[in-house]
Amino acid sequence: MTETKSVPTLYEWVGGMPALDKIFTRFYEKVLQDEMLEPLFRHMSKDHQQHVAHFVAEVFGGPKLYTSNDGSHYKMIRKHLGKHLTEQHRRRWAMLLIDTVDEMHAPDDPEFRSALVSYVEWGTRIAVINSQNDEIEMNEEEPMPAWGWGEVKGPYIP
């Protein structure tokens with residue numbers, strides 16, 4: 001009898017909460033040292049990196065730590081409103097995160113890297129779009145995004 005192995009979630013593959021905590025702690029250390037990004041993040045709460053780690057963990061198929069403890073997808077979107085992020089901010093944030101993932105020795109297989117970069121590109125572009133607005137029409141019960149091994153969401157229509 002052949003045993004079939006289940007495909008791990010992105011959360012499991014990256015190393016779970018311990019890995020994401022390390023990645024986002026190091027990442028936000030870099031953000032606060034970055035000339036372009038530091039002004040945007042200098043007043044972040046001491047728990048900001050943990051909230052983001054919880055958000056990504058949930059999106060990647062991990063425990064619902066963000067929606068249970070930190071907020072909702074709606075609340076995360078609202079945090080970006082009125083920030084007026086630029087394409088340069090987005091690119092720098094994404095590049096620093098990818099560099100940090102490499103530095104922290106996260107899996108570097110092509111499938112994981114494709115899923116990770118895809119999510120970072122998608123999420124940062126949504127953040128820039130939403131940051132141009134002071135208000136947004138969005139269902140407060142909007143579910144959290146879910147990302148896996150090769151997500152294609154169709155065209156984005158705000």
# chains A, B, ... in the order shown; residues from 1 in each chain; ligands from 1
>>> residues_around(residues="Asn69 of chain A", least_positions_apart="5", cutoff="12 Å", atoms="only C-alpha atoms", output="list in words")
Asp47, Gln50, His51, Val52, His54, Phe55, Glu58, Pro63 and Lys64 of chain A
>>> residues_around(residues="Ile98 of chain A", least_positions_apart="3", cutoff="9 Å", atoms="only C-alpha atoms", output="list in words")
Trp93, Ala94, Met95, Val101, Asp102, Glu103, Leu116, Val117 and Val120 of chain A
>>> write_last_selection(atoms="N, CA and C atoms", output="JSON list (two decimals), in the first residue's frame")
[["chain", "number", "residue", "atom", "x", "y", "z"],
["A", 93, "TRP", "N", 10.33, 48.02, 0.52],
["A", 93, "TRP", "CA", 9.79, 47.12, 1.54],
["A", 93, "TRP", "C", 9.89, 45.68, 1.07],
["A", 94, "ALA", "N", 9.47, 45.42, -0.16],
["A", 94, "ALA", "CA", 9.49, 44.06, -0.71],
["A", 94, "ALA", "C", 10.92, 43.53, -0.80],
["A", 95, "MET", "N", 11.84, 44.37, -1.28],
["A", 95, "MET", "CA", 13.22, 43.94, -1.42],
["A", 95, "MET", "C", 13.84, 43.62, -0.06],
["A", 101, "VAL", "N", 14.39, 37.26, 4.29],
["A", 101, "VAL", "CA", 14.04, 35.84, 4.17],
["A", 101, "VAL", "C", 15.28, 35.04, 3.78],
["A", 102, "ASP", "N", 16.08, 35.58, 2.84],
["A", 102, "ASP", "CA", 17.33, 34.90, 2.46],
["A", 102, "ASP", "C", 18.30, 34.84, 3.63],
["A", 103, "GLU", "N", 18.46, 35.96, 4.31],
["A", 103, "GLU", "CA", 19.39, 36.05, 5.44],
["A", 103, "GLU", "C", 19.03, 35.06, 6.53],
["A", 116, "LEU", "N", 6.09, 32.85, -2.21],
["A", 116, "LEU", "CA", 6.44, 33.96, -1.33],
["A", 116, "LEU", "C", 6.47, 35.29, -2.09],
["A", 117, "VAL", "N", 7.22, 35.31, -3.19],
["A", 117, "VAL", "CA", 7.35, 36.54, -3.96],
["A", 117, "VAL", "C", 6.00, 36.95, -4.54],
["A", 120, "VAL", "N", 4.11, 38.61, -1.68],
["A", 120, "VAL", "CA", 4.69, 39.91, -1.34],
["A", 120, "VAL", "C", 4.33, 40.94, -2.40]]
>>> closest_residue(among="A:Tyr28, A:Tyr11, A:Tyr66, A:Phe41", to="Trp149 of chain A", atoms="only C-alpha atoms")
A:Tyr11
>>> residues_around(residues="segment 122-128 of chain A", least_positions_apart="5", cutoff="10 Å", atoms="only C-alpha atoms", output="PyMOL selection string")
chain A and resi 76-87+89-91+93-94+116-117+133+145+153+156+158
>>> closest_residue(among="A:Lys75, A:His43, A:Asp34, A:Met17", to="Ile136 of chain A", atoms="only C-alpha atoms")
A:Lys75
>>> select_by_dssp(residues="segment 1-67 of chain A", states="helix (DSSP H, G or I)", output="ChimeraX atom specification")
/A:10-14,16-31,38-41,48-59,65-67
>>> atom_distance(atom1="atom CA of Met144 of chain A", atom2="atom CA of Phe60 of chain A")
10.3 Å
>>> closest_residue(among="A:His105, A:Ser114, A:Ser131, A:Tyr119", to="Val14 of chain A", atoms="only C-alpha atoms")
A:His105
